[in-house]
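Contents: one structure, followed by commentary.
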Amino acid sequence: MVGVMLTGVMLTGVVLTGVLTAGPSAAQASARACPPGQITGSAATPTGAGYWLADSGGDVFSFGDARFAGSVGGKPQSKPLSKPVVAIVPTRSGSGYWEVAADGAVFAFGDAVAPAGNRLPGTKLKAPIVGAARIGANGLELAAADGAVFPLGGAPAYGSMGGKPLSKPITSISTTPAGDGYWLAGTGGGVFAFGGSAFLGNALTSLSCAAPAPTASGSVIVQYATNIMKGQPEPGWSGGPVPYSWGGGHGGTPGPSAGTCAKDSGYSGPKPCQASSTVGVDCSGFVRWVYSLAYGSDVLGGGNTDSELSMMTKVSTPQPGDLAFFGRHDAHGYHTHHVGIYLGNDNMTDAYQTGTYIEIDTVSKASDLIGYWRFGN
């Protein structure tokens, strides 16, 4: 019996890496002899009865009802492949696919349509392309390790993490079935949702691998928040009022940092943007900083408000130290845009907006409160 065996397999987002061992009739492959190079991409057929594997040299291996339509590795090139192939993306019909290289080069096979005007291979990217996904009939969304997203072939742009501080690099991108959004996933387990995609959680707080959560009382959380608001020195800050900075507080360690003015960062404050030259925190960066001081570790990580909410438990009766989240809730989940630390009596301390400092505001200052959440409960 001829079979296929994948040994030492590790799933990372949509990337399947491992060592391929196959009988002689198990797979159709490009001309280069087996064994393959490092497997860097995988994709399933529309029926789910087959799949393709792509290696870094551009060879493609087809299994089940997946049809081999060609490959970079087996296709004569006018010049060698500049960067390794990092992803393979099937067409809607399953009769073709795209191979995507780390420099943004896209190679179309079968009924795949090569994206017109792709200038990425000649562009000096800040970080390599690490993943790709189809959106619509012929659109492609390419994701770079720094969180930038490059739409090709008429694909829409829903935003990215490009220009924003990341605690860990991005490793993959996945699109919604409706084509109205996508998710970016980081190597540290972080997930970032854009467009119509809903944030549904992440692996930052997986109970199967996380140590028992540290504890902190609400009074300690409030005390640290109050100290910062009063300009007292804390780790990472020498003292003085802490300004609001869009994207600030999301560096590798908690505390104030320069923000971002990147076009795709979502900044909508006063122009010209001063965030990239302002060391401070935004609302989620402030909460992250306070909680890291109170708990003694970076318990919330460097994510946005949706990421922070996903780590907590909603409560009906808030206590000082809980978090007040603002945004909306629909069938797809919570979509938040602001968070503050509840002090009691309808008050919270927060980083509210550009041009302000850490301050006390009433919870009712914003009209879209969706509730209160507590960490470690």
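Letters A, B, ... mark the chains of the structure tokens in the order given; residue numbers begin at 1 per chain; ligand numbers begin at 1, in order shown.
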
field: DSSP-assigned strand (DSSP E or B) members of segment 55-178 of chain A, reported as a ChimeraX atom specification
entry: /A:55,60-64,85-90,96-101,106-110,129-135,139-144,149-152,170-175

Write the residues you've just listed into a file as a compact mmCIF listing (two decimals), in the first residue's frame, and include N, CA and C atoms for each of them.
# COMPACT_ATOMS: atom_id res chain seq x y z
N ASP A 55 7.69 24.10 -1.09
CA ASP A 55 8.92 24.26 -0.33
C ASP A 55 9.59 25.59 -0.66
N VAL A 60 6.36 22.27 -5.75
CA VAL A 60 5.01 22.01 -5.26
C VAL A 60 4.74 20.51 -5.30
N PHE A 61 4.14 19.99 -4.24
CA PHE A 61 3.82 18.58 -4.11
C PHE A 61 2.32 18.45 -3.90
N SER A 62 1.65 17.66 -4.76
CA SER A 62 0.19 17.57 -4.76
C SER A 62 -0.26 16.22 -4.27
N PHE A 63 -1.29 16.19 -3.44
CA PHE A 63 -1.80 14.95 -2.85
C PHE A 63 -3.32 14.90 -2.97
N GLY A 64 -3.88 13.69 -2.98
CA GLY A 64 -5.32 13.54 -3.08
C GLY A 64 -5.83 14.09 -4.40
N VAL A 85 10.24 30.88 -1.41
CA VAL A 85 8.78 30.83 -1.40
C VAL A 85 8.32 30.62 0.04
N VAL A 86 7.29 31.37 0.46
CA VAL A 86 6.82 31.29 1.84
C VAL A 86 5.37 30.86 1.95
N ALA A 87 4.63 30.84 0.82
CA ALA A 87 3.21 30.50 0.89
C ALA A 87 2.72 29.98 -0.45
N ILE A 88 1.71 29.14 -0.40
CA ILE A 88 0.98 28.71 -1.59
C ILE A 88 -0.50 28.95 -1.33
N VAL A 89 -1.20 29.56 -2.28
CA VAL A 89 -2.59 29.97 -2.10
C VAL A 89 -3.41 29.41 -3.25
N PRO A 90 -4.42 28.58 -3.00
CA PRO A 90 -5.22 28.01 -4.09
C PRO A 90 -6.24 29.01 -4.64
N GLY A 96 -5.86 25.84 -9.75
CA GLY A 96 -4.62 26.58 -9.84
C GLY A 96 -4.22 27.11 -8.49
N TYR A 97 -3.10 27.81 -8.46
CA TYR A 97 -2.61 28.36 -7.20
C TYR A 97 -1.54 29.41 -7.49
N TRP A 98 -1.28 30.19 -6.46
CA TRP A 98 -0.20 31.17 -6.49
C TRP A 98 0.89 30.72 -5.52
N GLU A 99 2.14 30.89 -5.92
CA GLU A 99 3.24 30.77 -4.99
C GLU A 99 3.74 32.17 -4.68
N VAL A 100 3.98 32.45 -3.41
CA VAL A 100 4.38 33.78 -2.97
C VAL A 100 5.74 33.70 -2.30
N ALA A 101 6.64 34.59 -2.71
CA ALA A 101 7.99 34.61 -2.16
C ALA A 101 8.14 35.69 -1.10
N VAL A 106 4.99 37.09 -6.86
CA VAL A 106 3.85 36.17 -6.95
C VAL A 106 3.92 35.42 -8.28
N PHE A 107 3.80 34.10 -8.23
CA PHE A 107 3.88 33.26 -9.41
C PHE A 107 2.56 32.50 -9.54
N ALA A 108 1.91 32.65 -10.71
CA ALA A 108 0.58 32.07 -10.92
C ALA A 108 0.66 30.82 -11.77
N PHE A 109 -0.13 29.80 -11.40
CA PHE A 109 -0.17 28.54 -12.13
C PHE A 109 -1.61 28.08 -12.27
N GLY A 110 -1.88 27.29 -13.32
CA GLY A 110 -3.25 26.84 -13.56
C GLY A 110 -4.14 28.01 -13.91
N ILE A 129 7.86 39.17 3.50
CA ILE A 129 6.53 38.58 3.43
C ILE A 129 6.58 37.21 4.11
N VAL A 130 5.58 36.94 4.94
CA VAL A 130 5.56 35.67 5.68
C VAL A 130 4.30 34.85 5.42
N GLY A 131 3.27 35.45 4.82
CA GLY A 131 2.03 34.73 4.60
C GLY A 131 1.20 35.40 3.53
N ALA A 132 0.24 34.66 2.99
CA ALA A 132 -0.65 35.20 1.97
C ALA A 132 -1.97 34.46 2.02
N ALA A 133 -3.03 35.12 1.59
CA ALA A 133 -4.36 34.51 1.55
C ALA A 133 -5.16 35.13 0.41
N ARG A 134 -6.03 34.32 -0.19
CA ARG A 134 -6.89 34.82 -1.26
C ARG A 134 -8.10 35.53 -0.67
N ILE A 135 -8.55 36.55 -1.37
CA ILE A 135 -9.77 37.25 -0.99
C ILE A 135 -10.52 37.58 -2.28
N GLY A 139 -8.05 38.26 -5.76
CA GLY A 139 -7.31 39.14 -4.88
C GLY A 139 -6.42 38.38 -3.93
N LEU A 140 -5.31 38.97 -3.58
CA LEU A 140 -4.38 38.38 -2.62
C LEU A 140 -4.04 39.40 -1.55
N GLU A 141 -3.97 38.95 -0.31
CA GLU A 141 -3.51 39.78 0.80
C GLU A 141 -2.18 39.18 1.27
N LEU A 142 -1.10 39.95 1.12
CA LEU A 142 0.22 39.49 1.55
C LEU A 142 0.57 40.15 2.87
N ALA A 143 1.01 39.37 3.84
CA ALA A 143 1.36 39.88 5.16
C ALA A 143 2.85 39.80 5.38
N ALA A 144 3.42 40.87 5.94
CA ALA A 144 4.84 40.90 6.27
C ALA A 144 5.04 40.67 7.76
N VAL A 149 0.32 44.84 5.57
CA VAL A 149 -0.48 44.03 4.66
C VAL A 149 -0.48 44.70 3.29
N PHE A 150 -0.22 43.92 2.24
CA PHE A 150 -0.15 44.45 0.88
C PHE A 150 -1.23 43.79 0.03
N PRO A 151 -2.28 44.52 -0.34
CA PRO A 151 -3.34 43.95 -1.19
C PRO A 151 -2.89 43.95 -2.65
N LEU A 152 -3.12 42.84 -3.34
CA LEU A 152 -2.78 42.71 -4.75
C LEU A 152 -3.98 42.16 -5.51
N ILE A 170 4.64 38.97 13.10
CA ILE A 170 3.50 38.31 12.48
C ILE A 170 3.99 37.08 11.72
N THR A 171 3.17 36.02 11.72
CA THR A 171 3.57 34.79 11.04
C THR A 171 2.58 34.33 9.98
N SER A 172 1.31 34.81 10.02
CA SER A 172 0.34 34.34 9.03
C SER A 172 -0.83 35.31 8.90
N ILE A 173 -1.59 35.14 7.81
CA ILE A 173 -2.80 35.92 7.56
C ILE A 173 -3.88 34.98 7.08
N SER A 174 -5.11 35.19 7.54
CA SER A 174 -6.27 34.40 7.12
C SER A 174 -7.41 35.35 6.80
N THR A 175 -8.16 35.06 5.74
CA THR A 175 -9.28 35.91 5.34
C THR A 175 -10.61 35.29 5.74

query: Which polymer residues have any atom within 10 Å of an atom of Asn345 of chain A, counting only C-alpha atoms, with same-chain residues fewer than 2 positions away left out, as an MDAnalysis selection string?
result: chainID A and resid 319:320 342:343 347:348 362:363

- request: Considering only C-alpha atoms, return as number ranges by chain whatever protein or nucleic-acid residues lie within 12 Å of Ala324 of chain A, sequence-local ones (same chain, fewer than 4 positions apart) excluded.
  value: A: 283-284, 287, 305, 308-309, 312-320, 336-344, 346-350, 361-366, 368-375

Compile the contact shell of Gly252 of chain A as a short mmCIF file (atom, residue, chain, number, x, y, z; two decimals) with N, CA and C atoms, in the first residue's frame: residues with an atom at most 10 Å away, counting only C-alpha atoms, same-chain residues fewer than 5 positions apart removed.
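Writing the result to part_21.cif gives the following:
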data_model
loop_
_atom_site.label_atom_id
_atom_site.label_comp_id
_atom_site.auth_asym_id
_atom_site.auth_seq_id
_atom_site.Cartn_x
_atom_site.Cartn_y
_atom_site.Cartn_z
N PRO A 165 4.11 49.11 17.07
CA PRO A 165 5.01 48.21 17.81
C PRO A 165 4.37 46.84 18.03
N LEU A 166 5.13 45.80 17.80
CA LEU A 166 4.69 44.43 18.02
C LEU A 166 5.65 43.75 18.99
N SER A 167 5.11 43.01 19.94
CA SER A 167 5.98 42.28 20.86
C SER A 167 6.60 41.07 20.19
N LYS A 168 5.90 40.50 19.20
CA LYS A 168 6.40 39.36 18.43
C LYS A 168 6.02 39.56 16.97
N SER A 257 6.13 54.74 25.33
CA SER A 257 7.00 54.60 24.16
C SER A 257 6.49 55.53 23.08
N ASP A 298 3.96 41.19 32.71
CA ASP A 298 3.20 41.76 31.59
C ASP A 298 2.01 40.87 31.27
N GLY A 301 0.07 41.82 27.89
CA GLY A 301 0.79 41.83 26.63
C GLY A 301 0.61 43.13 25.87
N GLY A 302 1.12 43.16 24.65
CA GLY A 302 1.14 44.41 23.88
C GLY A 302 0.02 44.56 22.89
#

message: I'd like the neighbourhood of Ser245 of chain A as a list in words, where a residue qualifies if any of its atoms comes within 10 Å (using only C-alpha atoms), though same-chain residues fewer than 6 positions away should be ignored.
response: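 Contacts, in chain order: Pro256, Ser257, Ala258, Gly259, Thr260, Cys261, Cys273, Gln274, Ala275, Ser276, Ser277, Thr278, Val279, Gly280, Val281, Asp282, Cys283, Gly285, Ala351, Tyr352, Gln353, Thr354, Gly355, Thr356 and Tyr357 of chain A.
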
task: Give the helix (DSSP H, G or I) residues of segment 218-255 of chain A, as DSSP finds them on the backbone, and put them as number ranges by chain.
output: A: 218-229

task: Would you kindly return, as a PyMOL selection string, each protein, DNA or RNA residue with an atom no farther than 12 Å from any atom of Ala198 of chain A, considering only C-alpha atoms and excluding same-chain residues fewer than 3 positions away?
output: chain A and resi 175-176+180-184+191-195+201-202+306-307+310+328-336

Convert the current residue selection to file output with N, CA and C atoms, as a CSV table (one decimal), in the first residue's frame.
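File written: part.csv
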chain,number,residue,atom,x,y,z
A,175,THR,N,-8.2,35.1,5.7
A,175,THR,CA,-9.3,35.9,5.3
A,175,THR,C,-10.6,35.3,5.7
A,176,THR,N,-11.6,36.1,5.9
A,176,THR,CA,-13.0,35.6,6.2
A,176,THR,C,-13.6,35.0,4.9
A,180,ASP,N,-14.6,40.0,3.7
A,180,ASP,CA,-14.8,41.3,4.2
A,180,ASP,C,-13.8,41.7,5.3
A,181,GLY,N,-12.8,40.9,5.5
A,181,GLY,CA,-11.8,41.1,6.5
A,181,GLY,C,-10.8,40.1,6.6
A,182,TYR,N,-9.8,40.2,7.5
A,182,TYR,CA,-8.8,39.2,7.7
A,182,TYR,C,-8.2,39.3,9.1
A,183,TRP,N,-7.5,38.3,9.5
A,183,TRP,CA,-6.8,38.2,10.7
A,183,TRP,C,-5.3,38.1,10.5
A,184,LEU,N,-4.5,38.7,11.3
A,184,LEU,CA,-3.1,38.5,11.4
A,184,LEU,C,-2.8,37.8,12.7
A,191,VAL,N,-3.4,37.9,18.1
A,191,VAL,CA,-4.3,37.9,16.9
A,191,VAL,C,-4.8,39.3,16.7
A,192,PHE,N,-4.8,39.8,15.5
A,192,PHE,CA,-5.3,41.2,15.2
A,192,PHE,C,-6.3,41.1,14.1
A,193,ALA,N,-7.5,41.6,14.3
A,193,ALA,CA,-8.6,41.5,13.4
A,193,ALA,C,-8.8,42.8,12.7
A,194,PHE,N,-9.2,42.7,11.4
A,194,PHE,CA,-9.4,43.9,10.5
A,194,PHE,C,-10.6,43.7,9.6
A,195,GLY,N,-11.3,44.8,9.3
A,195,GLY,CA,-12.4,44.8,8.4
A,195,GLY,C,-13.6,44.1,9.2
A,201,GLY,N,-10.4,35.9,20.3
A,201,GLY,CA,-9.5,35.4,21.3
A,201,GLY,C,-8.1,35.2,20.7
A,202,ASN,N,-7.2,34.7,21.5
A,202,ASN,CA,-5.8,34.5,21.1
A,202,ASN,C,-5.2,33.4,22.0
A,306,ASP,N,-9.2,45.0,22.1
A,306,ASP,CA,-9.9,43.7,21.9
A,306,ASP,C,-9.1,42.5,22.5
A,307,SER,N,-7.8,42.6,22.3
A,307,SER,CA,-6.9,41.6,22.9
A,307,SER,C,-7.0,41.6,24.4
A,310,SER,N,-10.3,40.0,25.7
A,310,SER,CA,-10.3,38.6,25.5
A,310,SER,C,-9.7,37.8,26.7
A,328,ARG,N,-18.7,48.2,20.5
A,328,ARG,CA,-20.0,47.6,20.2
A,328,ARG,C,-19.9,46.1,20.3
A,329,HIS,N,-21.0,45.5,20.3
A,329,HIS,CA,-21.1,44.0,20.4
A,329,HIS,C,-22.1,43.6,19.3
A,330,ASP,N,-21.7,42.6,18.5
A,330,ASP,CA,-22.7,42.0,17.5
A,330,ASP,C,-22.5,40.5,17.5
A,331,ALA,N,-23.1,39.9,16.5
A,331,ALA,CA,-23.1,38.4,16.4
A,331,ALA,C,-21.7,37.9,16.2
A,332,HIS,N,-20.7,38.7,15.8
A,332,HIS,CA,-19.4,38.3,15.6
A,332,HIS,C,-18.5,38.5,16.8
A,333,GLY,N,-19.0,39.2,17.8
A,333,GLY,CA,-18.1,39.4,19.0
A,333,GLY,C,-18.1,40.8,19.4
A,334,TYR,N,-17.1,41.2,20.2
A,334,TYR,CA,-16.9,42.5,20.6
A,334,TYR,C,-15.9,43.3,19.7
A,335,HIS,N,-16.2,44.5,19.5
A,335,HIS,CA,-15.3,45.4,18.7
A,335,HIS,C,-15.1,46.7,19.5
A,336,THR,N,-14.0,46.8,20.2
A,336,THR,CA,-13.8,47.9,21.1
A,336,THR,C,-12.8,48.9,20.6

query: Using only C-alpha atoms, which of the listed residues (A:Gly196, A:Gly189, A:Pro241, A:Pro270) sits closest to Pro177 of chain A?
result: A:Gly196
